[in-house]
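The file input07.pdb comes next; it holds PDB, C-alpha atoms, pLDDT in the B column.
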ATOM      1  CA  SER A   1       0.000   0.000   0.000  1.00 52.00           C
ATOM      2  CA  GLN A   2       1.126   3.563  -0.700  1.00 54.00           C
ATOM      3  CA  SER A   3      -0.394   5.117   2.422  1.00 61.00           C
ATOM      4  CA  ILE A   4      -0.537   4.811   6.200  1.00 70.00           C
ATOM      5  CA  THR A   5      -3.678   3.714   8.019  1.00 81.00           C
ATOM      6  CA  THR A   6      -5.567   6.340   9.962  1.00 83.00           C
ATOM      7  CA  ASP A   7      -5.336   4.211  13.119  1.00 86.00           C
ATOM      8  CA  GLY A   8      -1.562   3.985  12.729  1.00 87.00           C
ATOM      9  CA  ALA A   9      -1.259   7.743  12.220  1.00 87.00           C
ATOM     10  CA  ILE A  10      -3.354   8.465  15.319  1.00 90.00           C
ATOM     11  CA  CYS A  11      -1.194   6.088  17.383  1.00 91.00           C
ATOM     12  CA  LEU A  12       1.984   7.820  16.174  1.00 91.00           C
ATOM     13  CA  ALA A  13       0.554  11.286  16.905  1.00 90.00           C
ATOM     14  CA  THR A  14      -0.437  10.376  20.450  1.00 92.00           C
ATOM     15  CA  ALA A  15       2.867   8.601  21.122  1.00 92.00           C
ATOM     16  CA  ALA A  16       4.671  11.739  19.920  1.00 90.00           C
ATOM     17  CA  GLN A  17       3.302  13.583  22.959  1.00 89.00           C
ATOM     18  CA  ILE A  18       4.127  10.939  25.566  1.00 91.00           C
ATOM     19  CA  GLU A  19       7.470  11.787  27.174  1.00 90.00           C
ATOM     20  CA  SER A  20      10.098   9.042  26.880  1.00 89.00           C
ATOM     21  CA  SER A  21       8.164   7.163  24.187  1.00 93.00           C
ATOM     22  CA  ILE A  22      10.251   6.119  21.190  1.00 94.00           C
ATOM     23  CA  VAL A  23       8.288   8.448  18.891  1.00 92.00           C
ATOM     24  CA  HIS A  24       8.674  11.403  21.289  1.00 90.00           C
ATOM     25  CA  ASN A  25      12.418  10.799  21.586  1.00 91.00           C
ATOM     26  CA  ILE A  26      12.848  10.644  17.799  1.00 91.00           C
ATOM     27  CA  ILE A  27      10.959  13.917  17.348  1.00 86.00           C
ATOM     28  CA  GLN A  28      13.055  15.631  20.036  1.00 85.00           C
ATOM     29  CA  ALA A  29      16.294  14.314  18.525  1.00 88.00           C
ATOM     30  CA  SER A  30      15.269  15.746  15.139  1.00 84.00           C
ATOM     31  CA  GLY A  31      14.796  19.204  16.656  1.00 79.00           C
ATOM     32  CA  GLN A  32      11.057  19.355  15.981  1.00 74.00           C
ATOM     33  CA  ASP A  33       8.529  20.655  18.498  1.00 68.00           C
ATOM     34  CA  SER A  34       7.072  17.623  20.270  1.00 57.00           C
ATOM     35  CA  ALA A  35       4.829  19.886  22.392  1.00 61.00           C
ATOM     36  CA  SER A  36       2.712  20.879  19.381  1.00 67.00           C
ATOM     37  CA  ASP A  37      -0.892  19.654  19.236  1.00 70.00           C
ATOM     38  CA  PHE A  38      -0.281  18.705  15.582  1.00 84.00           C
ATOM     39  CA  THR A  39       1.854  15.851  14.339  1.00 87.00           C
ATOM     40  CA  TYR A  40       2.435  15.579  10.600  1.00 86.00           C
ATOM     41  CA  ILE A  41       2.798  12.026   9.323  1.00 85.00           C
ATOM     42  CA  ALA A  42       4.525  11.868   5.924  1.00 83.00           C
ATOM     43  CA  HIS A  43       3.930   8.856   3.700  1.00 80.00           C
ATOM     44  CA  PRO A  44       4.197   8.089  -0.039  1.00 78.00           C
ATOM     45  CA  SER A  45       0.689   9.425  -0.760  1.00 75.00           C
ATOM     46  CA  GLY A  46       1.142  12.745   1.054  1.00 79.00           C
ATOM     47  CA  ILE A  47       1.139  14.240   4.530  1.00 84.00           C
ATOM     48  CA  MET A  48      -1.505  13.476   7.133  1.00 84.00           C
ATOM     49  CA  PRO A  49      -1.885  16.111   9.886  1.00 87.00           C
ATOM     50  CA  ILE A  50      -3.172  14.656  13.159  1.00 89.00           C
ATOM     51  CA  LYS A  51      -4.293  16.801  16.093  1.00 89.00           C
ATOM     52  CA  ALA A  52      -4.088  15.170  19.505  1.00 89.00           C
ATOM     53  CA  LEU A  53      -4.339  16.260  23.122  1.00 90.00           C
ATOM     54  CA  VAL A  54      -2.451  13.994  25.522  1.00 91.00           C
ATOM     55  CA  GLU A  55      -2.041  14.805  29.223  1.00 92.00           C
ATOM     56  CA  GLN A  56      -0.207  13.157  32.089  1.00 93.00           C
ATOM     57  CA  LEU A  57      -2.466  12.634  35.093  1.00 94.00           C
ATOM     58  CA  SER A  58      -1.359  13.211  38.692  1.00 96.00           C
ATOM     59  CA  SER A  59      -1.153   9.405  39.016  1.00 95.00           C
ATOM     60  CA  GLY A  60       1.550   9.419  36.316  1.00 92.00           C
ATOM     61  CA  GLU A  61      -0.653   7.697  33.762  1.00 93.00           C
ATOM     62  CA  TRP A  62      -1.112   9.225  30.314  1.00 94.00           C
ATOM     63  CA  HIS A  63      -4.599  10.169  29.140  1.00 92.00           C
ATOM     64  CA  VAL A  64      -5.563  10.810  25.519  1.00 92.00           C
ATOM     65  CA  GLU A  65      -8.283  13.448  25.602  1.00 91.00           C
ATOM     66  CA  TYR A  66      -8.775  13.305  21.835  1.00 91.00           C
ATOM     67  CA  ALA A  67      -7.046  12.524  18.574  1.00 90.00           C
ATOM     68  CA  THR A  68      -8.459  13.499  15.221  1.00 89.00           C
ATOM     69  CA  VAL A  69      -7.524  13.414  11.568  1.00 85.00           C
ATOM     70  CA  VAL A  70      -7.620  16.955  10.250  1.00 70.00           C
ATOM     71  CA  GLN A  71      -7.731  16.003   6.567  1.00 66.00           C
ATOM     72  CA  SER A  72      -7.194  13.074   4.285  1.00 55.00           C
ATOM     73  CA  ALA A  73      -3.948  12.785   2.327  1.00 51.00           C
ATOM     74  CA  ARG A  74      -5.684  11.287  -0.691  1.00 60.00           C
ATOM     75  CA  ARG A  75      -8.303  12.524  -3.116  1.00 68.00           C
ATOM     76  CA  LEU A  76     -11.736  11.445  -1.951  1.00 68.00           C
ATOM     77  CA  MET A  77     -13.803  12.840  -4.803  1.00 71.00           C
ATOM     78  CA  GLU A  78     -13.468  14.427  -8.196  1.00 80.00           C
ATOM     79  CA  GLY A  79     -16.206  15.776 -10.411  1.00 83.00           C
ATOM     80  CA  ALA A  80     -17.609  18.522 -12.567  1.00 81.00           C
ATOM     81  CA  VAL A  81     -20.516  20.904 -12.135  1.00 83.00           C
ATOM     82  CA  CYS A  82     -22.723  21.839 -15.065  1.00 85.00           C
ATOM     83  CA  VAL A  83     -24.076  25.388 -14.821  1.00 86.00           C
ATOM     84  CA  PRO A  84     -26.484  26.783 -17.401  1.00 87.00           C
ATOM     85  CA  ALA A  85     -25.097  29.800 -19.285  1.00 87.00           C
ATOM     86  CA  SER A  86     -28.139  31.797 -18.186  1.00 88.00           C
ATOM     87  CA  ALA A  87     -27.040  31.419 -14.524  1.00 85.00           C
ATOM     88  CA  VAL A  88     -23.576  32.825 -15.232  1.00 82.00           C
ATOM     89  CA  ASN A  89     -24.610  35.921 -17.174  1.00 72.00           C
TER      90      ASN A  89
END
Translate this file's structure into structure tokens.
Amino acid sequence: SQSITTDGAICLATAAQIESSIVHNIIQASGQDSASDFTYIAHPSGIMPIKALVEQLSSGEWHVEYATVVQSARRLMEGAVCVPASAVN
């Protein structure tokens, strides 16, 4: 396949915000901002922006408040609209 699954992208985006996770450490080592709400997942079909809010509770456990796909990296629809000339003039 030429793309990444949405579930996989959401998992990566949430892991990016969990301190000491492998994904978080890689992002920090690359010099990118791991504190951002957005994580951009690049794959052969494009870039998938994921917005996630992850917080550490007082118990030390991590809680994912939400994670959402902002847009799809692939074309979902293509078409044409026919408008009568009388509507344009």
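Evaluated against this file, the PyMOL selection byres ((chain A and resi 63) around 12) yields Thr14, Ala15, Gln17, Ile18, Ala52, Leu53, Val54, Glu55, Gln56, Leu57, Ser58, Ser59, Gly60, Glu61, Trp62, Val64, Glu65, Tyr66 and Ala67 of chain A.
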request  = Could you jot down the atom CA of A:Ala9 to atom CA of A:Glu78 separation for me, Å, one decimal place?
outcome  =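 Computed distance, atom CA of A:Ala9 to atom CA of A:Glu78, equals 24.7 Å.
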ask   = Rounded to one decimal in Å, what is the spacing between atom CA of A:Ala13 and atom CA of A:Tyr40?
value = 7.9 Å
ask   = atom CA of A:Ile47 and atom CA of A:Val23, how far apart in Å?
value = 17.1 Å
Just the residues within 7 Å of A:Phe38, please, counting only C-alpha atoms, with nothing from its chain fewer than 5 positions along; format it as a PDB file with C-alpha atoms, keeping the file's coordinate frame.
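Saved to result_7.pdb:
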ATOM      1  CA  PRO A  49      -1.885  16.111   9.886  1.00 87.00           C
ATOM      2  CA  ILE A  50      -3.172  14.656  13.159  1.00 89.00           C
ATOM      3  CA  LYS A  51      -4.293  16.801  16.093  1.00 89.00           C
ATOM      4  CA  ALA A  52      -4.088  15.170  19.505  1.00 89.00           C
TER       5      ALA A  52
END
As JSON: centre and edge lengths in Å, one decimal, of the axis-aligned box holding stretch 18-29 of chain A with 4 Å per side:
{"center_x": 10.2, "center_y": 10.9, "center_z": 22.3, "size_x": 20.2, "size_y": 17.5, "size_z": 17.8}
Where atoms are missing, can you supply all heavy atoms for stretch 39-50 of chain A and output the lot as a PDB file, keeping the file's coordinate frame?
ATOM      1  N   THR A  39       0.762  16.693  14.797  1.00 87.00           N
ATOM      2  CA  THR A  39       1.854  15.851  14.339  1.00 87.00           C
ATOM      3  C   THR A  39       1.578  15.581  12.867  1.00 87.00           C
ATOM      4  O   THR A  39       0.447  15.256  12.489  1.00 87.00           O
ATOM      5  CB  THR A  39       1.898  14.520  15.111  1.00 87.00           C
ATOM      6  OG1 THR A  39       2.054  14.799  16.495  1.00 87.00           O
ATOM      7  CG2 THR A  39       3.056  13.651  14.644  1.00 87.00           C
ATOM      8  N   TYR A  40       2.593  15.762  12.037  1.00 86.00           N
ATOM      9  CA  TYR A  40       2.435  15.579  10.600  1.00 86.00           C
ATOM     10  C   TYR A  40       3.106  14.269  10.202  1.00 86.00           C
ATOM     11  O   TYR A  40       4.307  14.116  10.368  1.00 86.00           O
ATOM     12  CB  TYR A  40       3.041  16.760   9.842  1.00 86.00           C
ATOM     13  CG  TYR A  40       2.329  18.052  10.176  1.00 86.00           C
ATOM     14  CD1 TYR A  40       2.762  18.856  11.222  1.00 86.00           C
ATOM     15  CD2 TYR A  40       1.201  18.434   9.471  1.00 86.00           C
ATOM     16  CE1 TYR A  40       2.091  20.018  11.550  1.00 86.00           C
ATOM     17  CE2 TYR A  40       0.529  19.603   9.781  1.00 86.00           C
ATOM     18  CZ  TYR A  40       0.979  20.392  10.827  1.00 86.00           C
ATOM     19  OH  TYR A  40       0.303  21.549  11.145  1.00 86.00           O
ATOM     20  N   ILE A  41       2.314  13.334   9.713  1.00 85.00           N
ATOM     21  CA  ILE A  41       2.798  12.026   9.323  1.00 85.00           C
ATOM     22  C   ILE A  41       2.983  12.026   7.806  1.00 85.00           C
ATOM     23  O   ILE A  41       2.016  12.140   7.054  1.00 85.00           O
ATOM     24  CB  ILE A  41       1.813  10.903   9.720  1.00 85.00           C
ATOM     25  CG1 ILE A  41       1.405  11.007  11.191  1.00 85.00           C
ATOM     26  CG2 ILE A  41       2.391   9.539   9.374  1.00 85.00           C
ATOM     27  CD1 ILE A  41       2.508  10.802  12.185  1.00 85.00           C
ATOM     28  N   ALA A  42       4.237  11.914   7.359  1.00 83.00           N
ATOM     29  CA  ALA A  42       4.525  11.868   5.924  1.00 83.00           C
ATOM     30  C   ALA A  42       4.536  10.414   5.463  1.00 83.00           C
ATOM     31  O   ALA A  42       5.042   9.534   6.153  1.00 83.00           O
ATOM     32  CB  ALA A  42       5.873  12.521   5.647  1.00 83.00           C
ATOM     33  N   HIS A  43       3.954  10.180   4.297  1.00 80.00           N
ATOM     34  CA  HIS A  43       3.930   8.856   3.700  1.00 80.00           C
ATOM     35  C   HIS A  43       3.909   9.021   2.186  1.00 80.00           C
ATOM     36  O   HIS A  43       3.784  10.145   1.696  1.00 80.00           O
ATOM     37  CB  HIS A  43       2.733   8.043   4.220  1.00 80.00           C
ATOM     38  CG  HIS A  43       1.406   8.707   4.015  1.00 80.00           C
ATOM     39  ND1 HIS A  43       0.640   8.501   2.909  1.00 80.00           N
ATOM     40  CD2 HIS A  43       0.737   9.601   4.785  1.00 80.00           C
ATOM     41  CE1 HIS A  43      -0.463   9.213   2.994  1.00 80.00           C
ATOM     42  NE2 HIS A  43      -0.426   9.897   4.119  1.00 80.00           N
ATOM     43  N   PRO A  44       4.076   7.954   1.418  1.00 78.00           N
ATOM     44  CA  PRO A  44       4.197   8.089  -0.039  1.00 78.00           C
ATOM     45  C   PRO A  44       3.037   8.799  -0.733  1.00 78.00           C
ATOM     46  O   PRO A  44       3.215   9.382  -1.788  1.00 78.00           O
ATOM     47  CB  PRO A  44       4.301   6.637  -0.523  1.00 78.00           C
ATOM     48  CG  PRO A  44       4.882   5.909   0.631  1.00 78.00           C
ATOM     49  CD  PRO A  44       4.301   6.574   1.849  1.00 78.00           C
ATOM     50  N   SER A  45       1.845   8.787  -0.126  1.00 75.00           N
ATOM     51  CA  SER A  45       0.689   9.425  -0.760  1.00 75.00           C
ATOM     52  C   SER A  45       0.496  10.871  -0.323  1.00 75.00           C
ATOM     53  O   SER A  45      -0.411  11.536  -0.791  1.00 75.00           O
ATOM     54  CB  SER A  45      -0.585   8.633  -0.444  1.00 75.00           C
ATOM     55  OG  SER A  45      -0.500   7.344  -0.991  1.00 75.00           O
ATOM     56  N   GLY A  46       1.292  11.356   0.604  1.00 79.00           N
ATOM     57  CA  GLY A  46       1.142  12.745   1.054  1.00 79.00           C
ATOM     58  C   GLY A  46       1.501  12.920   2.515  1.00 79.00           C
ATOM     59  O   GLY A  46       2.274  12.163   3.078  1.00 79.00           O
ATOM     60  N   ILE A  47       0.909  13.932   3.111  1.00 84.00           N
ATOM     61  CA  ILE A  47       1.139  14.240   4.530  1.00 84.00           C
ATOM     62  C   ILE A  47      -0.205  14.251   5.236  1.00 84.00           C
ATOM     63  O   ILE A  47      -1.161  14.868   4.770  1.00 84.00           O
ATOM     64  CB  ILE A  47       1.836  15.604   4.697  1.00 84.00           C
ATOM     65  CG1 ILE A  47       3.215  15.550   4.051  1.00 84.00           C
ATOM     66  CG2 ILE A  47       1.932  15.987   6.170  1.00 84.00           C
ATOM     67  CD1 ILE A  47       3.950  16.859   4.041  1.00 84.00           C
ATOM     68  N   MET A  48      -0.272  13.553   6.366  1.00 84.00           N
ATOM     69  CA  MET A  48      -1.505  13.476   7.133  1.00 84.00           C
ATOM     70  C   MET A  48      -1.323  14.233   8.455  1.00 84.00           C
ATOM     71  O   MET A  48      -0.582  13.781   9.325  1.00 84.00           O
ATOM     72  CB  MET A  48      -1.860  12.010   7.420  1.00 84.00           C
ATOM     73  CG  MET A  48      -3.200  11.829   8.093  1.00 84.00           C
ATOM     74  SD  MET A  48      -3.583  10.090   8.493  1.00 84.00           S
ATOM     75  CE  MET A  48      -3.511   9.319   6.906  1.00 84.00           C
ATOM     76  N   PRO A  49      -1.968  15.403   8.611  1.00 87.00           N
ATOM     77  CA  PRO A  49      -1.885  16.111   9.886  1.00 87.00           C
ATOM     78  C   PRO A  49      -2.862  15.502  10.902  1.00 87.00           C
ATOM     79  O   PRO A  49      -4.021  15.283  10.586  1.00 87.00           O
ATOM     80  CB  PRO A  49      -2.260  17.544   9.550  1.00 87.00           C
ATOM     81  CG  PRO A  49      -2.983  17.482   8.257  1.00 87.00           C
ATOM     82  CD  PRO A  49      -2.654  16.173   7.603  1.00 87.00           C
ATOM     83  N   ILE A  50      -2.355  15.223  12.082  1.00 89.00           N
ATOM     84  CA  ILE A  50      -3.172  14.656  13.159  1.00 89.00           C
ATOM     85  C   ILE A  50      -3.105  15.621  14.343  1.00 89.00           C
ATOM     86  O   ILE A  50      -2.030  16.055  14.737  1.00 89.00           O
ATOM     87  CB  ILE A  50      -2.639  13.285  13.611  1.00 89.00           C
ATOM     88  CG1 ILE A  50      -2.455  12.334  12.432  1.00 89.00           C
ATOM     89  CG2 ILE A  50      -3.527  12.684  14.684  1.00 89.00           C
ATOM     90  CD1 ILE A  50      -3.719  11.890  11.776  1.00 89.00           C
TER      91      ILE A  50
END
